[in-house]
Amino acid sequence: MPYREVLIAAGQDLALRLSDALLELGALSVDVEDRLAGSEQERALFGEPGMEQPRAAWSDNLVRALFADESGADAALLGLLADGVLPDLQGVRQREVAEQDWVRLTQSQFQPVCVDERLWIVPSWHETPAGASMVLRLDPGLAFGTGTHPTTQLCLRWLLRQGSLRERQVLDYGCGSGILALGAALLGVEAVDAVDIDPDAVQATRLNAEANGLRLRHVCHVDELPAQRYDVVVANILASPLRLLAPVLAARARPGGQLVLSGILERQAEELIEVYAPHASLSVWAELDGWVCLAGPVRG
């Protein structure tokens with residue numbers, strides 16, 4: 001039997017009210033997304049130390065609510081009208097969603113990823129590709145980072161092409177799923193730390209390290225990381241938080257140590273290089289699909 005999806009355009013405050021109200025009215029799930037995603041007006045929601053707390057929604061949202069059937073969707077819409085959450089149904093849409101094997105569908109979207117000739121990232125339900133000498137087992141989960149995004153691959157390629165990192169200390173700042181920290185550990189780095197502001201990311205990194213039989217020294221919230229400096233600091237985040245984090249990230253690298261930054265579009269590279277100029281000598285190390293990785297030594 002098909003499901004029923006209700007789609008409602010909403011501003012920030014209304015999106016939050018709708019999310020709560022729709023769940024109370026029987027929605028199986030509610031999702032809020034940026035209606036401007038993919039355009040020049042797209043804006044990320046994020047939170048980092050020293051920044052204002054992120055908003056809970058965008059200024060222009062699309063609220064999607066999934067119901068078991070059409071009658072449930074209709075009843076919920078009537079409830080929104082009766083409770084005064086919506087003044088009318090203008091602009092509200094419904095559509096049928098076919099029942100599927102969601103687990104199989106999700107798994108089909110995540111195939112093994114070849115980072116380079118040596119390193120593969122492989123979901124647990126796939127066999128190890130023939131000829132793969134290094135494999136990270138990683139499934140999609142609560143935290144960002146499955147190896148498919150160009151920014152993740154750029155950072156991993158940088159690590160792979162540094163020669164021996166065994167005696168260096170590496171920090172993965174904004175670790176997400178921990179993929180960069182795990183990549184460093186797989187390459188033999190003995191002292192790898194991973195930090196994030198999201199408890200789910202910290203937990204995901206710990207679980208992924210255990211699943212791969214890899215040891216990370218510290219996996220914790222950014223505020224819990226001991227005071228020390230690193231030979232390599234990797235941060236695959238976004239351009240906006242990277243701007244604000246320039247002094248924080250530079251302070252975590254030893255003089256002469258390397259900063260490796262990604263989550264940066266080509267058009268944002270020069271601005272980020274300028275922002276970090278007082279702290280480090282960065283340049284574009286590589287580009288992939290419109291994204292860049294900046295790397296360079298921290299000033300003494």
# chains A, B, ... in the order shown; residues from 1 in each chain; ligands from 1

call {"tool": "residues_around", "arguments": {"residues": "A:Ala227", "least_positions_apart": "2", "cutoff": "12 Å", "atoms": "only C-alpha atoms", "output": "PyMOL selection string"}}
result
chain A and resi 193+218+222-225+229-230+248+251-254

call {"tool": "write_last_selection", "arguments": {"atoms": "C-alpha atoms", "output": "PDB file, in the first residue's frame"}}
result
ATOM      1  CA  ASP A 193      42.845  12.422  17.596  1.00  0.00           C
ATOM      2  CA  HIS A 218      41.334  10.783  21.716  1.00  0.00           C
ATOM      3  CA  VAL A 222      36.272  19.790  20.818  1.00  0.00           C
ATOM      4  CA  ASP A 223      36.132  21.306  24.296  1.00  0.00           C
ATOM      5  CA  GLU A 224      37.477  18.094  25.859  1.00  0.00           C
ATOM      6  CA  LEU A 225      40.602  17.797  23.720  1.00  0.00           C
ATOM      7  CA  ARG A 229      49.782  20.820  19.041  1.00  0.00           C
ATOM      8  CA  TYR A 230      49.913  18.562  16.014  1.00  0.00           C
ATOM      9  CA  VAL A 248      41.737  28.000  16.485  1.00  0.00           C
ATOM     10  CA  ALA A 251      46.875  27.215  17.214  1.00  0.00           C
ATOM     11  CA  ARG A 252      46.417  23.440  17.148  1.00  0.00           C
ATOM     12  CA  ALA A 253      49.266  22.937  14.653  1.00  0.00           C
ATOM     13  CA  ARG A 254      52.895  23.153  15.689  1.00  0.00           C
TER      14      ARG A 254
END

call {"tool": "select_by_dssp", "arguments": {"residues": "stretch 67-153 of chain A", "states": "helix (DSSP H, G or I)", "output": "short mmCIF file (atom, residue, chain, number, x, y, z; two decimals) with N, CA, C and O atoms, in the first residue's frame"}}
result
data_model
loop_
_atom_site.label_atom_id
_atom_site.label_comp_id
_atom_site.auth_asym_id
_atom_site.auth_seq_id
_atom_site.Cartn_x
_atom_site.Cartn_y
_atom_site.Cartn_z
N GLU A 70 -3.57 8.14 2.57
CA GLU A 70 -4.15 9.43 2.21
C GLU A 70 -5.08 9.96 3.29
O GLU A 70 -5.10 11.17 3.57
N SER A 71 -5.84 9.06 3.92
CA SER A 71 -6.77 9.52 4.95
C SER A 71 -6.03 10.12 6.14
O SER A 71 -6.47 11.12 6.73
N GLY A 72 -4.88 9.56 6.48
CA GLY A 72 -4.09 10.11 7.57
C GLY A 72 -3.54 11.48 7.22
O GLY A 72 -3.51 12.39 8.07
N ALA A 73 -3.13 11.65 5.96
CA ALA A 73 -2.63 12.96 5.52
C ALA A 73 -3.74 14.00 5.55
O ALA A 73 -3.54 15.13 6.02
N ASP A 74 -4.91 13.64 5.05
CA ASP A 74 -6.04 14.57 5.03
C ASP A 74 -6.44 14.98 6.45
O ASP A 74 -6.73 16.15 6.73
N ALA A 75 -6.48 14.00 7.35
CA ALA A 75 -6.85 14.29 8.73
C ALA A 75 -5.84 15.23 9.38
O ALA A 75 -6.21 16.14 10.14
N ALA A 76 -4.57 15.05 9.07
CA ALA A 76 -3.54 15.92 9.65
C ALA A 76 -3.69 17.35 9.14
O ALA A 76 -3.54 18.31 9.90
N LEU A 77 -3.98 17.50 7.85
CA LEU A 77 -4.15 18.84 7.29
C LEU A 77 -5.36 19.53 7.92
O LEU A 77 -5.31 20.74 8.22
N LEU A 78 -6.43 18.79 8.13
CA LEU A 78 -7.59 19.37 8.81
C LEU A 78 -7.22 19.78 10.24
O LEU A 78 -7.68 20.80 10.75
N GLY A 79 -6.37 18.98 10.88
CA GLY A 79 -5.92 19.31 12.22
C GLY A 79 -5.09 20.58 12.24
O GLY A 79 -5.21 21.39 13.17
N LEU A 80 -4.25 20.78 11.23
CA LEU A 80 -3.45 22.00 11.14
C LEU A 80 -4.33 23.23 11.00
O LEU A 80 -4.07 24.29 11.58
N LEU A 81 -5.41 23.09 10.22
CA LEU A 81 -6.35 24.20 10.05
C LEU A 81 -7.11 24.47 11.34
O LEU A 81 -7.27 25.62 11.77
N ALA A 82 -7.58 23.39 11.99
CA ALA A 82 -8.37 23.54 13.21
C ALA A 82 -7.54 24.16 14.34
O ALA A 82 -8.06 24.95 15.14
N TRP A 102 13.27 -0.14 1.83
CA TRP A 102 14.11 1.03 2.06
C TRP A 102 15.54 0.65 2.42
O TRP A 102 16.48 1.36 2.06
N VAL A 103 15.73 -0.45 3.11
CA VAL A 103 17.08 -0.88 3.45
C VAL A 103 17.86 -1.21 2.19
O VAL A 103 19.00 -0.75 1.98
N ARG A 104 17.25 -1.99 1.31
CA ARG A 104 17.92 -2.37 0.06
C ARG A 104 18.18 -1.13 -0.81
O ARG A 104 19.23 -1.01 -1.44
N LEU A 105 17.21 -0.22 -0.84
CA LEU A 105 17.36 0.99 -1.63
C LEU A 105 18.53 1.83 -1.12
O LEU A 105 19.35 2.33 -1.89
N THR A 106 18.60 1.99 0.21
CA THR A 106 19.70 2.76 0.79
C THR A 106 21.04 2.11 0.49
O THR A 106 22.01 2.78 0.11
N GLN A 107 21.10 0.80 0.65
CA GLN A 107 22.36 0.11 0.40
C GLN A 107 22.80 0.23 -1.05
O GLN A 107 24.00 0.33 -1.34
N SER A 108 21.84 0.23 -1.97
CA SER A 108 22.18 0.32 -3.39
C SER A 108 22.81 1.66 -3.74
O SER A 108 23.50 1.78 -4.76
N PRO A 150 33.62 14.69 -2.80
CA PRO A 150 34.95 15.11 -3.27
C PRO A 150 35.84 15.67 -2.18
O PRO A 150 37.06 15.44 -2.19
N THR A 151 35.27 16.41 -1.22
CA THR A 151 36.12 17.01 -0.18
C THR A 151 36.76 15.94 0.70
O THR A 151 37.92 16.08 1.12
N THR A 152 36.02 14.88 0.98
CA THR A 152 36.58 13.78 1.78
C THR A 152 37.69 13.09 1.02
O THR A 152 38.76 12.78 1.56
N GLN A 153 37.46 12.84 -0.27
CA GLN A 153 38.47 12.17 -1.08
C GLN A 153 39.73 13.02 -1.22
O GLN A 153 40.85 12.50 -1.20
#

call {"tool": "atom_distance", "arguments": {"atom1": "atom CA of A:Cys175", "atom2": "atom CA of A:Val234"}}
result
9.0 Å

call {"tool": "closest_residue", "arguments": {"among": "A:Pro297, A:Pro247, A:Gly91, A:Gly263", "to": "A:Val232", "atoms": "only C-alpha atoms"}}
result
A:Pro297

call {"tool": "residues_around", "arguments": {"residues": "A:Asp116", "least_positions_apart": "5", "cutoff": "10 Å", "atoms": "only C-alpha atoms", "output": "list in words"}}
result
Ala132, Gln153, Leu156, Arg157 and Leu160 of chain A

call {"tool": "residues_around", "arguments": {"residues": "A:Gln94", "least_positions_apart": "2", "cutoff": "8 Å", "atoms": "only C-alpha atoms", "output": "ChimeraX atom specification"}}
result
/A:4-7,92,96

call {"tool": "select_by_dssp", "arguments": {"residues": "stretch 113-236 of chain A", "states": "strand (DSSP E or B)", "output": "NGL selection string"}}
result
:A and (113-114 or 119-122 or 134-137 or 169-173 or 191-196 or 218-221 or 230-236)

call {"tool": "residues_around", "arguments": {"residues": "A:Pro129", "least_positions_apart": "2", "cutoff": "10 Å", "atoms": "only C-alpha atoms", "output": "list in words"}}
result
Pro112, Val113, Cys114, Trp120, Ile121, Val122, His126, Glu127, Gly131, Ala132, Ser133 and Val135 of chain A

call {"tool": "write_last_selection", "arguments": {"atoms": "N, CA and C atoms", "output": "PDB file, in the first residue's frame"}}
result
ATOM      1  N   PRO A 112      31.242   0.626  -3.124  1.00  0.00           N
ATOM      2  CA  PRO A 112      32.643   0.825  -2.756  1.00  0.00           C
ATOM      3  C   PRO A 112      33.241   2.025  -3.497  1.00  0.00           C
ATOM      4  N   VAL A 113      34.061   2.792  -2.793  1.00  0.00           N
ATOM      5  CA  VAL A 113      34.684   3.987  -3.356  1.00  0.00           C
ATOM      6  C   VAL A 113      36.193   3.794  -3.389  1.00  0.00           C
ATOM      7  N   CYS A 114      36.781   3.982  -4.558  1.00  0.00           N
ATOM      8  CA  CYS A 114      38.230   3.898  -4.698  1.00  0.00           C
ATOM      9  C   CYS A 114      38.801   5.297  -4.542  1.00  0.00           C
ATOM     10  N   TRP A 120      40.454   1.814  -0.474  1.00  0.00           N
ATOM     11  CA  TRP A 120      39.037   1.692  -0.812  1.00  0.00           C
ATOM     12  C   TRP A 120      38.205   1.900   0.456  1.00  0.00           C
ATOM     13  N   ILE A 121      37.045   2.533   0.282  1.00  0.00           N
ATOM     14  CA  ILE A 121      36.063   2.652   1.358  1.00  0.00           C
ATOM     15  C   ILE A 121      34.888   1.776   0.958  1.00  0.00           C
ATOM     16  N   VAL A 122      34.582   0.792   1.803  1.00  0.00           N
ATOM     17  CA  VAL A 122      33.648  -0.264   1.420  1.00  0.00           C
ATOM     18  C   VAL A 122      32.562  -0.429   2.475  1.00  0.00           C
ATOM     19  N   HIS A 126      29.235  -5.108   1.238  1.00  0.00           N
ATOM     20  CA  HIS A 126      29.941  -5.397  -0.015  1.00  0.00           C
ATOM     21  C   HIS A 126      31.193  -6.220   0.257  1.00  0.00           C
ATOM     22  N   GLU A 127      31.557  -7.027  -0.732  1.00  0.00           N
ATOM     23  CA  GLU A 127      32.825  -7.745  -0.680  1.00  0.00           C
ATOM     24  C   GLU A 127      33.973  -6.772  -0.926  1.00  0.00           C
ATOM     25  N   GLY A 131      42.178  -6.674  -5.441  1.00  0.00           N
ATOM     26  CA  GLY A 131      43.358  -5.826  -5.556  1.00  0.00           C
ATOM     27  C   GLY A 131      43.434  -4.699  -4.557  1.00  0.00           C
ATOM     28  N   ALA A 132      42.428  -4.536  -3.699  1.00  0.00           N
ATOM     29  CA  ALA A 132      42.454  -3.461  -2.702  1.00  0.00           C
ATOM     30  C   ALA A 132      43.449  -3.813  -1.605  1.00  0.00           C
ATOM     31  N   SER A 133      44.449  -2.958  -1.391  1.00  0.00           N
ATOM     32  CA  SER A 133      45.452  -3.243  -0.367  1.00  0.00           C
ATOM     33  C   SER A 133      45.091  -2.638   0.982  1.00  0.00           C
ATOM     34  N   VAL A 135      41.615  -1.117   3.147  1.00  0.00           N
ATOM     35  CA  VAL A 135      40.160  -1.007   3.114  1.00  0.00           C
ATOM     36  C   VAL A 135      39.655  -0.414   4.420  1.00  0.00           C
TER      37      VAL A 135
END

call {"tool": "closest_residue", "arguments": {"among": "A:Ala185, A:Asp83, A:Glu270, A:Leu36", "to": "A:Gly213", "atoms": "only C-alpha atoms"}}
result
A:Ala185

call {"tool": "atom_distance", "arguments": {"atom1": "atom CA of A:Leu119", "atom2": "atom CA of A:Ala181"}}
result
14.0 Å

call {"tool": "closest_residue", "arguments": {"among": "A:Ser240, A:Ser19, A:Ser281, A:Thr128", "to": "A:Leu66", "atoms": "only C-alpha atoms"}}
result
A:Ser19

call {"tool": "atom_distance", "arguments": {"atom1": "atom CA of A:Asn212", "atom2": "atom CA of A:Asp231"}}
result
24.0 Å

call {"tool": "closest_residue", "arguments": {"among": "A:Asp13, A:Glu287, A:Glu24, A:Glu271", "to": "A:Trp158", "atoms": "only C-alpha atoms"}}
result
A:Glu287

call {"tool": "closest_residue", "arguments": {"among": "A:Trp58, A:Trp291, A:Ala130, A:Leu28", "to": "A:Leu16", "atoms": "only C-alpha atoms"}}
result
A:Trp58

call {"tool": "decode", "arguments": {"residues": "stretch 283-298 of chain A", "atoms": "N, CA and C atoms", "output": "mmCIF file, in the first residue's frame"}}
result
data_model
loop_
_atom_site.group_PDB
_atom_site.id
_atom_site.type_symbol
_atom_site.label_atom_id
_atom_site.label_comp_id
_atom_site.auth_asym_id
_atom_site.auth_seq_id
_atom_site.Cartn_x
_atom_site.Cartn_y
_atom_site.Cartn_z
ATOM 1 N N SER A 283 47.913 27.071 0.013
ATOM 2 C CA SER A 283 47.701 27.136 -1.429
ATOM 3 C C SER A 283 46.778 25.995 -1.825
ATOM 4 N N VAL A 284 46.257 26.053 -3.036
ATOM 5 C CA VAL A 284 45.374 24.985 -3.513
ATOM 6 C C VAL A 284 46.227 23.759 -3.810
ATOM 7 N N TRP A 285 45.987 22.701 -3.036
ATOM 8 C CA TRP A 285 46.748 21.464 -3.250
ATOM 9 C C TRP A 285 46.161 20.645 -4.390
ATOM 10 N N ALA A 286 44.831 20.564 -4.447
ATOM 11 C CA ALA A 286 44.178 19.796 -5.511
ATOM 12 C C ALA A 286 42.728 20.243 -5.621
ATOM 13 N N GLU A 287 42.097 19.903 -6.751
ATOM 14 C CA GLU A 287 40.693 20.246 -7.025
ATOM 15 C C GLU A 287 39.975 19.017 -7.534
ATOM 16 N N LEU A 288 38.699 18.901 -7.165
ATOM 17 C CA LEU A 288 37.892 17.783 -7.636
ATOM 18 C C LEU A 288 36.436 18.208 -7.703
ATOM 19 N N ASP A 289 35.868 18.161 -8.890
ATOM 20 C CA ASP A 289 34.442 18.447 -9.094
ATOM 21 C C ASP A 289 34.018 19.796 -8.509
ATOM 22 N N GLY A 290 34.857 20.810 -8.660
ATOM 23 C CA GLY A 290 34.505 22.144 -8.197
ATOM 24 C C GLY A 290 34.871 22.439 -6.755
ATOM 25 N N TRP A 291 35.391 21.446 -6.045
ATOM 26 C CA TRP A 291 35.840 21.629 -4.663
ATOM 27 C C TRP A 291 37.358 21.631 -4.620
ATOM 28 N N VAL A 292 37.918 22.297 -3.606
ATOM 29 C CA VAL A 292 39.379 22.341 -3.492
ATOM 30 C C VAL A 292 39.824 21.898 -2.110
ATOM 31 N N CYS A 293 41.078 21.491 -2.045
ATOM 32 C CA CYS A 293 41.742 21.220 -0.776
ATOM 33 C C CYS A 293 42.899 22.198 -0.671
ATOM 34 N N LEU A 294 42.915 22.965 0.417
ATOM 35 C CA LEU A 294 44.016 23.883 0.696
ATOM 36 C C LEU A 294 44.964 23.233 1.685
ATOM 37 N N ALA A 295 46.252 23.440 1.475
ATOM 38 C CA ALA A 295 47.234 22.864 2.397
ATOM 39 C C ALA A 295 48.461 23.752 2.450
ATOM 40 N N GLY A 296 49.144 23.728 3.589
ATOM 41 C CA GLY A 296 50.361 24.498 3.729
ATOM 42 C C GLY A 296 50.825 24.563 5.171
ATOM 43 N N PRO A 297 52.052 25.038 5.380
ATOM 44 C CA PRO A 297 52.634 25.056 6.726
ATOM 45 C C PRO A 297 52.130 26.234 7.575
ATOM 46 N N VAL A 298 52.047 25.974 8.861
ATOM 47 C CA VAL A 298 51.679 27.013 9.832
ATOM 48 C C VAL A 298 52.928 27.836 10.157
#
